[in-house]
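Coordinates as given in upload-v3.cif (mmCIF, C-alpha atoms):
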```cif
data_work
#
loop_
_atom_site.label_atom_id
_atom_site.label_comp_id
_atom_site.auth_asym_id
_atom_site.auth_seq_id
_atom_site.Cartn_x
_atom_site.Cartn_y
_atom_site.Cartn_z
CA MET A 173 0.00 0.00 0.00
CA ASP A 174 2.44 2.65 -1.25
CA GLU A 175 -0.20 5.39 -1.11
CA LEU A 176 -0.63 4.88 2.63
CA SER A 177 3.14 5.14 3.19
CA GLN A 178 3.13 8.51 1.37
CA PHE A 179 0.05 9.87 3.10
CA GLY A 180 1.58 10.31 6.56
CA PRO A 181 4.60 12.37 5.38
CA ALA A 182 2.34 14.50 3.17
CA LEU A 183 0.04 15.16 6.13
CA VAL A 184 3.03 16.04 8.34
CA ALA A 185 4.35 18.53 5.77
CA TRP A 186 0.90 20.08 5.36
CA ALA A 187 0.39 20.41 9.11
CA ALA A 188 3.85 21.97 9.53
CA GLY A 189 3.03 24.86 7.20
CA GLY A 190 5.79 26.70 5.39
CA ALA A 191 6.81 26.76 1.75
CA GLY A 192 5.94 23.15 1.00
CA ALA A 193 2.55 23.09 2.72
CA GLU A 194 0.43 23.85 -0.34
CA ALA A 195 2.00 21.10 -2.44
CA ALA A 196 1.76 18.69 0.50
CA ALA A 197 -1.94 19.54 0.88
CA VAL A 198 -2.58 18.74 -2.79
CA LYS A 199 -0.76 15.42 -2.41
CA ALA A 200 -2.56 14.53 0.82
CA ARG A 201 -5.95 15.26 -0.76
CA ARG A 202 -5.11 13.11 -3.79
CA LEU A 203 -3.94 10.23 -1.61
CA ALA A 204 -6.97 10.53 0.67
CA HIS A 205 -9.30 10.28 -2.33
CA GLY A 206 -7.26 7.33 -3.56
CA GLY A 207 -8.02 5.02 -0.68
CA VAL A 208 -7.39 6.47 2.79
CA ARG A 209 -10.48 5.49 4.75
CA ARG A 210 -9.53 6.70 8.22
CA ALA A 211 -6.72 8.52 10.06
CA VAL A 212 -5.52 7.22 13.43
CA LEU A 213 -3.56 9.93 15.24
CA VAL A 214 -0.88 8.80 17.72
CA GLU A 215 1.74 10.78 19.59
CA GLY A 216 4.95 8.95 18.69
CA THR A 217 6.56 6.24 16.60
CA SER A 218 6.33 3.69 19.41
CA ASP A 219 2.54 4.13 19.51
CA ARG A 220 2.33 3.48 15.77
CA VAL A 221 4.54 0.39 16.08
CA ALA A 222 2.34 -0.94 18.90
CA VAL A 223 -0.91 -0.33 17.00
CA ASP A 224 0.42 -1.99 13.84
CA ALA A 225 1.88 -4.95 15.78
CA LEU A 226 -1.31 -5.59 17.71
CA ALA A 227 -3.39 -5.34 14.53
CA ALA A 228 -1.06 -7.86 12.86
CA ARG A 229 -1.52 -10.23 15.81
CA ALA A 230 -5.24 -10.09 15.10
CA GLY A 231 -4.66 -10.88 11.42
CA ARG A 232 -5.28 -7.33 10.24
CA ASP A 233 -3.29 -5.18 7.81
CA LEU A 234 -4.33 -1.62 8.58
CA ALA A 235 -2.72 -0.17 5.45
CA ALA A 236 -4.61 -2.65 3.26
CA GLU A 237 -7.79 -1.55 5.02
CA GLY A 238 -7.09 2.09 4.15
CA ILE A 239 -6.29 3.06 7.75
CA ALA A 240 -3.38 5.49 8.04
CA VAL A 241 -1.67 5.54 11.45
CA VAL A 242 -0.18 9.04 11.60
CA VAL A 243 2.53 10.11 14.08
CA LEU A 244 1.88 13.58 15.52
CA GLY A 245 5.44 14.07 16.75
CA GLY A 246 4.13 15.17 20.16
CA ALA A 247 0.70 15.61 21.69
CA MET A 248 0.84 19.41 21.37
CA ASN A 249 0.60 19.03 17.57
CA ILE A 250 -2.90 17.56 17.69
CA GLY A 251 -4.55 20.89 16.82
CA ARG A 252 -2.63 21.31 13.57
CA PHE A 253 -3.30 17.73 12.50
CA LEU A 254 -7.01 18.05 13.25
CA ASP A 255 -7.05 21.18 11.08
CA VAL A 256 -5.71 19.26 8.09
CA CYS A 257 -7.30 15.82 8.42
CA GLY A 258 -10.38 16.62 10.52
CA PRO A 259 -13.57 18.50 9.55
CA PRO A 260 -11.76 21.72 8.50
CA GLY A 261 -9.52 19.80 6.08
CA LEU A 262 -9.88 16.31 4.62
CA ASP A 263 -12.81 15.50 6.93
CA LEU A 264 -11.64 11.92 7.40
CA PRO A 265 -13.09 9.65 10.08
CA LEU A 266 -10.71 9.98 13.01
CA ALA A 267 -9.42 7.88 15.89
CA GLY A 268 -6.36 7.95 18.11
CA LEU A 269 -4.59 7.53 21.42
CA CYS A 270 -3.70 10.08 24.07
CA ASP A 271 -2.35 10.09 27.61
CA LYS A 272 -4.56 10.96 30.57
CA GLY A 273 -2.73 14.23 31.20
CA GLU A 274 -3.40 15.36 27.63
CA GLU A 275 -7.09 14.44 27.58
CA PRO A 276 -8.39 18.01 28.19
CA PHE A 277 -6.09 19.35 25.45
CA PHE A 278 -7.30 16.75 22.95
CA ARG A 279 -10.91 17.32 23.94
CA ARG A 280 -10.61 21.08 23.46
CA HIS A 281 -9.18 20.74 19.95
CA LEU A 282 -11.65 18.03 18.94
CA GLU A 283 -14.47 20.32 20.02
CA ARG A 284 -12.87 23.27 18.24
CA VAL A 285 -12.92 21.50 14.87
CA GLY A 286 -16.44 20.16 15.41
CA HIS A 287 -15.55 16.55 16.22
CA GLY A 288 -17.78 16.00 19.26
CA THR A 289 -18.44 18.11 22.33
CA ALA A 290 -17.74 17.96 26.04
CA ARG A 291 -21.22 16.53 26.47
CA THR A 292 -20.62 13.59 24.12
CA PRO A 293 -21.78 10.46 26.02
CA GLY A 294 -18.78 8.24 26.71
CA GLY A 295 -16.27 11.08 26.45
CA LEU A 296 -13.29 10.74 24.13
CA ASP A 297 -13.86 6.99 23.73
CA ALA A 298 -17.09 7.71 21.90
CA LEU A 299 -15.15 9.98 19.53
CA GLY A 300 -12.63 7.25 18.75
CA PHE A 301 -9.84 8.64 20.95
CA HIS A 302 -8.75 6.29 23.71
CA VAL A 303 -6.93 7.40 26.84
CA CYS A 304 -3.91 5.73 28.46
CA VAL A 305 -3.75 6.09 32.25
CA ALA A 306 -0.24 7.57 32.19
CA ASP A 307 1.14 6.59 28.80
CA LEU A 308 1.30 3.48 26.62
CA GLU A 309 4.38 2.16 28.43
CA ASP A 310 2.50 2.33 31.72
CA GLU A 311 -0.35 0.37 30.11
CA PHE A 312 2.09 -2.33 29.00
CA ILE A 313 3.69 -2.55 32.45
CA ARG A 314 0.32 -3.01 34.14
CA ALA A 315 -0.79 -5.57 31.53
CA LEU A 316 2.39 -7.64 31.62
CA GLY A 317 3.42 -7.06 35.23
CA ALA A 318 6.93 -6.06 36.28
CA ASP A 319 8.25 -9.61 35.85
CA GLY A 320 6.81 -9.89 32.35
CA VAL A 321 8.39 -6.63 31.22
CA GLN A 322 11.74 -7.72 32.64
CA GLU A 323 11.44 -10.92 30.60
CA VAL A 324 11.04 -8.76 27.50
CA ILE A 325 14.05 -6.66 28.51
CA ALA A 326 16.08 -9.84 28.96
CA GLY A 327 14.95 -11.01 25.53
CA GLN A 328 16.28 -7.76 24.08
CA GLY A 329 19.66 -8.37 25.73
CA GLU A 330 19.30 -5.36 28.05
CA LEU A 331 18.74 -6.89 31.46
CA ARG A 332 22.23 -5.93 32.65
CA PRO A 333 21.80 -2.27 31.60
CA PHE A 334 18.44 -2.29 33.39
CA ARG A 335 20.04 -3.61 36.60
CA THR A 336 22.66 -0.87 36.33
CA PHE A 337 19.89 1.68 35.86
CA GLN A 338 18.10 0.35 38.95
CA GLY A 339 21.26 0.93 40.97
CA GLN A 340 21.44 4.63 40.18
CA PRO A 341 20.91 6.81 43.29
CA ALA A 342 17.79 8.44 41.80
CA GLN A 343 16.19 5.04 41.13
CA ARG A 344 17.11 2.84 44.11
CA THR A 345 14.10 3.63 46.29
CA ARG A 346 11.52 3.83 43.51
CA PRO A 347 9.05 1.04 42.73
CA VAL A 348 10.17 -1.33 39.99
CA GLU A 349 7.21 -0.27 37.82
CA HIS A 350 8.49 3.32 37.91
CA GLN A 351 12.02 2.12 37.12
CA LEU A 352 10.76 0.14 34.14
CA ARG A 353 8.80 3.06 32.75
CA ARG A 354 11.80 5.37 33.07
CA PHE A 355 14.16 2.79 31.56
CA LEU A 356 11.97 2.33 28.49
CA GLY A 357 12.22 6.06 27.80
CA THR A 358 15.89 6.70 28.60
CA HIS A 359 17.35 6.29 25.08
CA SER A 360 16.09 7.70 21.81
CA GLY A 361 14.34 4.95 19.91
CA ARG A 362 14.03 2.57 22.87
CA LYS A 363 10.25 2.99 23.18
CA ALA A 364 9.84 2.02 19.53
CA GLN A 365 12.33 -0.83 19.95
CA TYR A 366 10.25 -2.31 22.74
CA ALA A 367 6.77 -1.60 21.38
CA LYS A 368 6.54 -4.69 19.17
CA ALA A 369 8.36 -6.91 21.69
CA LEU A 370 5.93 -5.91 24.44
CA VAL A 371 2.93 -6.53 22.17
CA ASP A 372 4.31 -9.94 21.19
CA HIS A 373 4.63 -10.87 24.88
CA LEU A 374 1.04 -9.93 25.79
CA ASP A 375 -1.50 -12.49 26.87
CA PRO A 376 -4.47 -12.06 24.48
CA ALA A 377 -6.72 -11.70 27.53
CA ARG A 378 -4.69 -8.77 28.87
CA ILE A 379 -4.45 -6.39 25.93
CA PRO A 380 -4.24 -2.81 27.29
CA ARG A 381 -7.74 -1.39 27.16
CA PRO A 382 -6.93 1.74 25.09
CA LEU A 383 -5.27 -0.36 22.36
CA GLU A 384 -8.04 -2.94 22.42
CA ARG A 385 -10.74 -0.29 22.12
CA LEU A 386 -8.90 1.62 19.41
CA LEU A 387 -8.61 -1.44 17.19
CA ALA A 388 -12.22 -2.40 17.86
CA HIS A 389 -13.23 1.12 16.84
CA VAL A 390 -11.38 1.10 13.54
#
```
Would you kindly transcribe this structure into structure tokens?
Amino acid sequence: MDELSQFGPALVAWAAGGAGAEAAAVKARRLAHGGVRRAVLVEGTSDRVAVDALAARAGRDLAAEGIAVVVLGGAMNIGRFLDVCGPPGLDLPLAGLCDKGEEPFFRRHLERVGHGTARTPGGLDALGFHVCVADLEDEFIRALGADGVQEVIAGQGELRPFRTFQGQPAQRTRPVEHQLRRFLGTHSGRKAQYAKALVDHLDPARIPRPLERLLAHV
């Protein structure tokens, strides 16, 4: 699905504004009309990896279904992306993930572009946006348990670095769940590295609720 692989970068360039925005908008519109059925907005690359990996576990190919999983590059960019792919722009059906702390920000921008209101029954879930308690890593840690996540870390060959991290003065007295969450975010690219491995390790009965609901929605 080459068109789907081009759609995300075109949307990013359009949302960013600047000299290339107009050409990017033309391209995004053409690609949307050519088979993009829905846009799923996620904060970072690790979220996209997790969504794609969990869909694949269920036998789904989101790109083949016309579902574009678009990386916002940070939750604060949601407003610009809603302007280009929501009702003011392409008017695509929307879905996504956000963290609990960002829920009011997402809600405000969804309301601003006319995608639901504060009085929508069911809150953001009813609008297709599903909320992680802290973040997606926290959801994985609660679903797998601390021991399960450490098994994944061992499988990635990083158990020794994790033990070293645990021994740092700032970490020694903190709960292991906190240590794990911090460790997964310490290096650039580590969240994305672990996203698929964590999904692969999940018991099908313990899929994090936001991911489960998102895939059921789309």
For range 267-274 of chain A: contacts at 6 Å, only C-alpha atoms, fewer than 5 positions along chain excluded, given as a PyMOL selection string:
chain A and resi 212-214+300-307
May I ask which of the residues A:Pro259, A:Ala182, A:Pro380, A:Arg220 is the closest one to Gly288 in chain A, counting only C-alpha atoms?
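Counting only C-alpha atoms, the residue closest to Gly288 in chain A is A:Pro259.
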Ground truth for the PyMOL selection byres ((chain A and resi 197) around 10), written as a list in words:
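Output of the PyMOL selection byres ((chain A and resi 197) around 10): Ala182, Leu183, Val184, Ala185, Trp186, Ala187, Gly189, Gly192, Ala193, Glu194, Ala195, Ala196, Val198, Lys199, Ala200, Arg201, Arg202, Leu203, Val256, Cys257, Gly261 and Leu262 of chain A.
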Which value, in Å to one decimal, gives the distance between CA of Phe277 in chain A and CA of Arg252 in chain A?
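The value is 12.5 Å.
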List, as an NGL selection string, every residue that the PyMOL selection byres ((chain A and resi 318) around 12) selects in the file provided.
:A and (309-317 or 319-325 or 347-353 or 370)
Which residue out of A:Gly327, A:Gly295, A:Pro382, A:Pro260 has the minimum interatomic distance to Asp219 in chain A when all atoms listed in the file are used?
A:Pro382
Of A:Ser218, A:Gln343, A:Asn249, A:Gln338, the one nearest to Ala369 in chain A when counting all atoms listed in the file is A:Ser218
Name the closest residue to Ala298 in chain A among the candidates A:Leu254, A:Leu266, A:Ala227, A:Val241; distances are taken between atoms, counting all atoms listed in the file.
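Counting all atoms listed in the file, the residue closest to Ala298 in chain A is A:Leu266.
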Please, what distance in Å, to one decimal, runs between CA of Asp224 in chain A and CA of Ser360 in chain A?
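Value for the CA of Asp224 in chain A-CA of Ser360 in chain A distance: 20.1 Å.
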Got a sec to write range 220-232 of chain A of the block to a file, N, CA and C atoms, as a compact mmCIF listing (two decimals), in the first residue's frame?
```
# COMPACT_ATOMS: atom_id res chain seq x y z
N ARG A 220 2.67 4.04 17.08
CA ARG A 220 2.33 3.48 15.77
C ARG A 220 2.80 2.03 15.67
N VAL A 221 4.01 1.75 16.13
CA VAL A 221 4.54 0.39 16.08
C VAL A 221 3.63 -0.55 16.86
N ALA A 222 3.20 -0.11 18.06
CA ALA A 222 2.34 -0.94 18.90
C ALA A 222 0.99 -1.20 18.24
N VAL A 223 0.40 -0.17 17.66
CA VAL A 223 -0.91 -0.33 17.00
C VAL A 223 -0.79 -1.29 15.83
N ASP A 224 0.24 -1.12 14.99
CA ASP A 224 0.42 -1.99 13.84
C ASP A 224 0.70 -3.43 14.27
N ALA A 225 1.53 -3.60 15.33
CA ALA A 225 1.88 -4.95 15.78
C ALA A 225 0.68 -5.67 16.36
N LEU A 226 -0.13 -4.95 17.13
CA LEU A 226 -1.31 -5.59 17.71
C LEU A 226 -2.34 -5.92 16.63
N ALA A 227 -2.49 -5.05 15.65
CA ALA A 227 -3.39 -5.34 14.53
C ALA A 227 -2.91 -6.59 13.79
N ALA A 228 -1.61 -6.70 13.56
CA ALA A 228 -1.06 -7.86 12.86
C ALA A 228 -1.32 -9.14 13.64
N ARG A 229 -1.23 -9.06 14.98
CA ARG A 229 -1.52 -10.23 15.81
C ARG A 229 -2.96 -10.70 15.61
N ALA A 230 -3.82 -9.76 15.32
CA ALA A 230 -5.24 -10.09 15.10
C ALA A 230 -5.53 -10.44 13.64
N GLY A 231 -4.47 -10.53 12.83
CA GLY A 231 -4.66 -10.88 11.42
C GLY A 231 -5.10 -9.73 10.54
N ARG A 232 -4.86 -8.50 11.00
CA ARG A 232 -5.28 -7.33 10.24
C ARG A 232 -4.08 -6.61 9.64
```
